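Colleague: Contents of query-v7.tsv (TSV, C-alpha atoms and all ligand atoms) are given next:
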chain	number	residue	atom	x	y	z
A	1	MET	CA	-28.68	162.00	59.45
A	2	GLN	CA	-26.90	165.13	60.65
A	3	VAL	CA	-25.75	166.43	64.00
A	4	ALA	CA	-25.94	170.18	64.53
A	5	LEU	CA	-22.72	171.71	65.83
A	6	ASP	CA	-24.58	173.83	68.39
A	7	ASP	CA	-26.57	170.87	69.68
A	8	TYR	CA	-23.79	169.69	71.99
A	9	VAL	CA	-26.04	169.59	75.07
A	10	TRP	CA	-28.21	166.91	73.49
A	11	ALA	CA	-25.18	165.09	72.04
A	12	ALA	CA	-23.25	165.13	75.33
A	13	GLY	CA	-26.41	163.87	77.05
A	14	VAL	CA	-26.51	160.87	74.70
A	15	ALA	CA	-22.81	160.22	75.45
A	16	THR	CA	-23.53	160.29	79.19
A	17	GLU	CA	-26.52	157.97	78.84
A	18	LEU	CA	-24.47	155.60	76.69
A	19	VAL	CA	-21.54	155.24	79.10
A	20	ASN	CA	-23.94	154.68	81.98
A	21	THR	CA	-25.49	151.58	80.40
A	22	THR	CA	-22.50	149.38	81.27
A	23	ALA	CA	-22.53	146.39	83.60
A	24	GLU	CA	-19.84	148.18	85.61
A	25	VAL	CA	-22.28	150.97	86.45
A	26	TRP	CA	-25.24	148.63	86.99
A	27	ARG	CA	-23.37	146.13	89.16
A	28	GLY	CA	-23.14	143.36	86.60
A	29	ASP	CA	-26.39	144.05	84.77
A	30	ASP	CA	-25.61	145.48	81.32
A	31	HIS	CA	-28.40	147.81	80.21
A	32	LEU	CA	-27.44	147.47	76.56
A	33	PRO	CA	-27.23	143.68	76.33
A	34	ASP	CA	-28.90	143.01	72.98
A	35	LEU	CA	-30.26	144.53	69.79
A	36	ALA	CA	-33.70	145.14	71.33
A	37	ALA	CA	-32.09	147.23	74.07
A	38	LEU	CA	-30.13	149.14	71.43
A	39	VAL	CA	-33.37	149.98	69.58
A	40	ALA	CA	-34.96	151.11	72.84
A	41	PHE	CA	-31.92	153.30	73.57
A	42	ALA	CA	-32.11	154.86	70.09
A	43	ASP	CA	-35.85	155.47	70.43
A	44	LEU	CA	-35.40	157.06	73.86
A	45	HIS	CA	-32.38	159.25	73.13
A	46	GLY	CA	-32.18	159.56	69.36
A	47	GLY	CA	-35.25	161.63	68.64
A	48	GLN	CA	-35.24	165.35	69.19
A	49	SER	CA	-38.68	166.53	68.16
A	50	GLY	CA	-38.72	170.30	68.23
A	51	GLN	CA	-34.93	170.55	67.99
A	52	CYS	CA	-34.82	169.71	64.33
A	53	GLY	CA	-37.22	169.91	61.44
A	54	GLN	CA	-39.52	166.97	60.89
A	55	SER	CA	-40.10	165.23	57.57
A	56	GLY	CA	-41.49	167.56	54.97
A	57	GLN	CA	-39.84	170.70	56.34
A	58	SER	CA	-36.57	170.17	54.58
A	59	GLY	CA	-37.25	171.51	51.15
A	60	GLY	CA	-38.99	168.48	49.77
A	61	GLN	CA	-36.17	166.03	50.41
A	62	SER	CA	-37.22	162.56	51.36
A	63	GLY	CA	-37.20	161.68	55.03
A	64	ASN	CA	-35.87	163.84	57.79
A	65	GLU	CA	-32.83	165.58	56.41
A	66	CYS	CA	-32.03	167.77	59.34
A	67	GLY	CA	-32.14	165.93	62.62
A	68	HIS	CA	-31.41	162.91	64.73
A	69	ASP	CA	-34.42	160.85	63.81
A	70	GLY	CA	-32.14	158.66	61.74
A	71	LEU	CA	-30.86	156.94	64.87
A	72	SER	CA	-33.89	154.71	65.40
A	73	PRO	CA	-34.02	153.32	61.83
A	74	LEU	CA	-30.27	152.63	62.01
A	75	ALA	CA	-30.73	150.79	65.32
A	76	ARG	CA	-33.49	148.68	63.76
A	77	ARG	CA	-31.12	147.65	60.95
A	78	ALA	CA	-28.32	146.85	63.38
A	79	ARG	CA	-26.65	143.44	63.55
A	80	THR	CA	-24.77	141.83	66.41
A	81	SER	CA	-21.49	143.23	65.06
A	82	ASP	CA	-23.00	146.73	65.30
A	83	LEU	CA	-23.97	146.09	68.92
A	84	HIS	CA	-20.40	145.07	69.64
A	85	ALA	CA	-19.20	148.26	67.94
A	86	VAL	CA	-21.51	150.28	70.20
A	87	HIS	CA	-20.09	148.47	73.23
A	88	ALA	CA	-16.57	149.37	72.07
A	89	LEU	CA	-17.65	152.97	71.53
A	90	ARG	CA	-19.05	153.02	75.07
A	91	THR	CA	-15.64	152.03	76.42
A	92	THR	CA	-13.88	154.67	74.30
A	93	VAL	CA	-16.22	157.46	75.41
A	94	ARG	CA	-15.93	156.41	79.05
A	95	ASP	CA	-12.13	156.53	78.76
A	96	LEU	CA	-12.37	160.09	77.45
A	97	ILE	CA	-14.63	161.17	80.33
A	98	ASP	CA	-12.30	159.47	82.83
A	99	HIS	CA	-9.22	161.24	81.44
A	100	PRO	CA	-10.40	164.79	80.75
A	101	ASP	CA	-7.12	166.23	79.59
A	102	ARG	CA	-7.99	168.88	76.99
A	103	ASP	CA	-5.73	167.56	74.22
A	104	HIS	CA	-6.81	163.97	74.91
A	105	LEU	CA	-10.47	164.94	74.76
A	106	ILE	CA	-10.05	166.87	71.51
A	107	ALA	CA	-8.00	164.14	69.83
A	108	GLY	CA	-10.33	161.35	70.99
A	109	ALA	CA	-13.52	163.19	70.10
A	110	THR	CA	-12.14	164.19	66.72
A	111	ALA	CA	-11.51	160.52	65.97
A	112	LEU	CA	-15.10	159.75	66.96
A	113	THR	CA	-16.38	162.18	64.32
A	114	SER	CA	-14.73	160.19	61.49
A	115	PRO	CA	-18.14	158.83	60.31
A	116	ALA	CA	-18.99	162.40	59.28
A	117	GLN	CA	-19.04	163.24	55.61
A	118	GLY	CA	-18.45	166.95	55.48
A	119	THR	CA	-20.18	169.91	57.03
A	120	THR	CA	-23.50	171.31	55.92
A	121	LEU	CA	-26.30	173.67	56.83
A	122	ILE	CA	-29.65	172.44	58.10
A	123	PRO	CA	-32.87	174.36	58.75
A	124	ASP	CA	-33.18	175.85	62.21
A	125	PRO	CA	-36.65	174.87	63.44
A	126	GLY	CA	-36.59	177.64	66.03
A	127	ARG	CA	-35.93	180.46	63.55
A	128	GLU	CA	-37.65	180.72	60.24
A	129	ASN	CA	-35.39	180.98	57.19
A	130	ARG	CA	-32.30	180.48	59.38
A	131	THR	CA	-29.85	177.61	59.35
A	132	ARG	CA	-27.46	175.80	61.70
A	133	TRP	CA	-24.06	174.25	61.07
A	134	ALA	CA	-24.18	170.47	61.06
A	135	ALA	CA	-22.00	167.46	60.39
A	136	ARG	CA	-23.54	164.98	57.97
A	137	LEU	CA	-23.31	161.24	58.62
A	138	ARG	CA	-21.79	159.41	55.66
A	139	ASP	CA	-23.98	157.21	53.50
A	140	GLY	CA	-24.16	153.59	54.59
A	141	ALA	CA	-23.23	154.42	58.17
A	142	THR	CA	-24.24	152.09	61.00
A	143	VAL	CA	-25.91	152.96	64.29
A	144	ALA	CA	-22.46	152.72	65.92
A	145	ASP	CA	-21.16	155.28	63.41
A	146	ALA	CA	-24.10	157.57	64.20
A	147	LEU	CA	-23.57	157.29	67.95
A	148	SER	CA	-19.84	157.84	67.47
A	149	LEU	CA	-20.50	161.05	65.56
A	150	ILE	CA	-23.00	162.21	68.20
A	151	CYS	CA	-20.59	161.49	71.08
A	152	GLY	CA	-17.69	163.16	69.26
A	153	MET	CA	-19.70	166.27	68.50
A	154	GLY	CA	-21.03	166.41	72.04
A	155	ILE	CA	-17.56	166.15	73.60
A	156	LEU	CA	-16.04	168.72	71.23
A	157	GLY	CA	-18.95	171.09	71.85
A	158	VAL	CA	-18.59	170.84	75.62
A	159	VAL	CA	-14.80	171.27	75.56
A	160	HIS	CA	-15.22	174.30	73.30
A	161	THR	CA	-18.12	175.93	75.15
A	162	LEU	CA	-17.88	174.81	78.78
A	163	GLY	CA	-14.38	173.40	79.30
A	164	GLU	CA	-12.79	170.08	80.19
A	165	GLN	CA	-13.72	170.32	83.89
A	166	ARG	CA	-17.22	169.28	82.84
A	167	PHE	CA	-16.12	165.62	82.45
A	168	ARG	CA	-16.47	164.00	85.86
A	169	PRO	CA	-17.14	160.81	87.82
A	170	CYS	CA	-20.38	160.43	89.75
A	171	THR	CA	-19.98	161.63	93.35
A	172	ALA	CA	-22.32	159.01	94.84
A	173	PRO	CA	-19.97	156.93	97.03
A	174	THR	CA	-20.95	153.53	95.65
A	175	CYS	CA	-21.57	154.54	92.03
A	176	ARG	CA	-19.14	153.78	89.18
A	177	GLY	CA	-20.89	156.09	86.71
A	178	ALA	CA	-19.59	159.23	85.01
A	179	PHE	CA	-21.11	162.15	83.16
A	180	ILE	CA	-20.59	165.24	81.06
A	181	ASP	CA	-22.03	168.22	82.90
A	182	THR	CA	-23.88	170.59	80.58
A	183	THR	CA	-25.81	172.41	83.29
A	184	ARG	CA	-25.46	176.19	83.25
A	185	PRO	CA	-23.72	176.48	86.65
A	186	GLY	CA	-21.71	173.29	86.15
A	187	SER	CA	-22.84	171.92	89.50
A	188	ARG	CA	-24.07	168.48	88.48
A	189	ARG	CA	-22.94	165.79	90.92
A	190	TYR	CA	-24.48	162.51	89.82
A	191	CYS	CA	-24.44	160.40	86.68
A	192	MET	CA	-28.15	159.64	87.12
A	193	PRO	CA	-29.49	162.40	89.38
A	194	GLY	CA	-32.83	160.68	89.99
A	195	LEU	CA	-31.14	157.45	91.06
A	196	CYS	CA	-27.73	158.29	92.53
A	197	GLY	CA	-28.93	161.55	94.11
A	198	ASN	CA	-31.79	159.72	95.80
A	199	ARG	CA	-29.48	156.95	97.02
A	200	VAL	CA	-27.23	159.53	98.65
A	201	ASN	CA	-30.22	161.32	100.23
A	202	VAL	CA	-31.55	158.04	101.65
A	203	ALA	CA	-28.09	157.10	102.99
A	204	ASN	CA	-27.68	160.54	104.59
A	205	HIS	CA	-31.16	160.32	106.11
A	206	ARG	CA	-30.41	156.90	107.62
A	207	ALA	CA	-27.08	158.16	108.96
A	208	ARG	CA	-28.84	161.08	110.66
A	209	GLN	CA	-31.46	158.75	112.14
A	210	ALA	CA	-28.73	156.43	113.46
A	211	THR	CA	-26.91	159.40	114.99
A	212	THR	CA	-30.13	160.64	116.59
A	213	ARG	CA	-30.85	157.18	118.02
A	214	GLY	CA	-27.28	156.93	119.29
A	215	GLN	CA	-27.56	160.29	121.02
A	216	GLY	CA	-30.93	159.23	122.49
A	217	ALA	CA	-29.39	156.06	123.97
A	218	ASN	CA	-26.59	158.07	125.62
A	219	SER	CA	-28.85	160.68	127.13
A	220	PRO	CA	-29.90	160.21	130.76
B	1	ZN	ZN	-24.04	157.69	89.71
Can you turn what I pasted into structure tokens?

Modeller:
Amino acid sequence: MQVALDDYVWAAGVATELVNTTAEVWRGDDHLPDLAALVAFADLHGGQSGQCGQSGQSGGQSGNECGHDGLSPLARRARTSDLHAVHALRTTVRDLIDHPDRDHLIAGATALTSPAQGTTLIPDPGRENRTRWAARLRDGATVADALSLICGMGILGVVHTLGEQRFRPCTAPTCRGAFIDTTRPGSRRYCMPGLCGNRVNVANHRARQATTRGQGANSP
């Protein structure tokens, strides 16, 4: 498995999704409680069809040599110790997002890329006969190693391209989530826009209704 250096948007997205699976964010309900949940997470976030070449497009090498499709098989081979390693990684990544000092981010993310085994070139599926820089996951790596490499590459890519102000807590008043903002304008506000954004909208709507009712009661 490899992670392309210019694929930081996807990688940072996986890091955000990972840190927002914790019981802290879900009010006591861990969304990555067991190996089955880890497989589901890998299936949902690990594949990037269209972003990397599929099997057979990589010069006759066996399997997918150029993308993230290795995450799901690694998750299926995972043991309980690997799940615990993913939980520890989740805490580490969250600490980096919560303390977005540039040097701290770079040092922490660099440490996360330690499961890499050198840099390579992989086919660019979007441009024929062109390649992309990528970090290769070392042989025998676990799913925690793969996620660590992805998170490290994502954080480094965002610091390099967008800056450390892109690491922020969710602005929904009751939410404990955090995120890495890879939107073009950098105006993301919520860790889970569909959920936290809607909660805020509903709360604001109710507040307006209460105000309107209050004004109605005071009017003659
Ligand atoms: Zn949130």

Colleague: Using all atoms listed in the file, I'd like a table of the residues in chain A that come within 6 Å of ligand ZN 1 (chain B); for each, show the closest atom pair and its distance in Å rounded to one decimal, ordered by chain and ascending number, as a tab-separated table.

Modeller:
residue	atom	partner	partner_atom	distance
A:Cys170	CA	B:ZN1	ZN	4.6
A:Ala172	CA	B:ZN1	ZN	5.6
A:Cys175	CA	B:ZN1	ZN	4.6
A:Gly177	CA	B:ZN1	ZN	4.6
A:Tyr190	CA	B:ZN1	ZN	4.8
A:Cys191	CA	B:ZN1	ZN	4.1
A:Met192	CA	B:ZN1	ZN	5.2
A:Cys196	CA	B:ZN1	ZN	4.7

Colleague: Set the distance at 10 Å and use only C-alpha atoms: which residues neighbour A:Leu71 once local chain neighbours fewer than 2 positions away are removed? I'd like the list as JSON, numbers by chain.

Modeller: {"A": [1, 39, 41, 42, 43, 45, 46, 47, 67, 68, 69, 73, 74, 75, 76, 142, 143, 144, 145, 146, 147]}

Colleague: Determine the nearest neighbour of A:Leu162 from the options A:Thr120, A:Thr182, A:Thr174, A:Thr91, counting all atoms listed in the file.

Modeller: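 Among the listed residues, A:Thr182 lies closest to A:Leu162.
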
Colleague: Go through A:His160, A:Arg206, A:Arg199, A:Arg166 one by one, measure the shortest atom-to-atom distance of each to A:Ser187 using all atoms listed in the file, and give the residue with the smallest value.

Modeller: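 Of A:His160, A:Arg206, A:Arg199, A:Arg166, the one nearest A:Ser187 is A:Arg166, counting all atoms listed in the file.
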
Colleague: Looking at all atoms listed in the file, which of A:Pro173, A:Arg130, A:Thr92, A:Val158 is the one that sits closest to A:Gly197?

Modeller: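 Of all the options, A:Pro173 lies closest to A:Gly197.
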
Colleague: One decimal, in Å: what's the spacing between atom CA of A:Ala135 and atom CA of A:Gly118?

Modeller: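 Atom-to-atom, atom CA of A:Ala135 to atom CA of A:Gly118, that is 6.1 Å.
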
Colleague: Mind giving me the straight-line distance from atom CA of A:Asn129 to atom CA of A:Ala141 in Å, one decimal?

Modeller: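 Computing it gives 29.2 Å between the two atoms.
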
Colleague: Which residues come within 7 Å of A:Tyr8, counting only C-alpha atoms, excluding same-chain residues fewer than 4 positions away, as a list in words?

Modeller: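 The residues satisfying every condition are Ala12, Met153, Gly154, Gly157 and Val158 of chain A.
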
Colleague: Nearest to A:Leu18: which of A:Cys151, A:Arg127, A:His84, A:Arg184 is it, counting all atoms listed in the file?

Modeller: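 Closest candidate: A:Cys151.
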
Colleague: Rank A:Ser72, A:Thr211, A:Thr183, A:Thr22 by their smallest atom-to-atom distance to A:Ala88, using all atoms listed in the file, and report the top residue only.

Modeller: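 Under the stated criterion, the closest residue is A:Thr22.
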
Colleague: Please compute the atom CA of A:Thr113-atom CA of A:Arg132 distance, one decimal, in Å.

Modeller: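 Interatomic distance, atom CA of A:Thr113 to atom CA of A:Arg132: 17.8 Å.
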
Colleague: Residues near stretch 98-106 of chain A, anyone? I mean within 8 Å using only C-alpha atoms, not counting same-chain ones fewer than 5 positions away, as a compact mmCIF listing (two decimals) with C-alpha atoms, keeping the file's coordinate frame.

Modeller:
# COMPACT_ATOMS: atom_id res chain seq x y z
CA ILE A 155 -17.56 166.15 73.60
CA LEU A 156 -16.04 168.72 71.23
CA VAL A 159 -14.80 171.27 75.56
CA GLU A 164 -12.79 170.08 80.19
CA GLN A 165 -13.72 170.32 83.89
CA PHE A 167 -16.12 165.62 82.45
CA ARG A 168 -16.47 164.00 85.86
CA PRO A 169 -17.14 160.81 87.82
CA ALA A 178 -19.59 159.23 85.01

Colleague: Excluding A:Ser148 and residues on its chain fewer than 4 positions from it, collect all residues at most 9 Å away from it, counting all atoms listed in the file, and give them as a list in words.

Modeller: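 Once the adjacent positions are removed, what remains is Ala15, Val86, Leu89, Val93, Ala109, Ala111, Leu112, Thr113, Ser114, Pro115, Val143, Ala144, Gly152 and Met153 of chain A.
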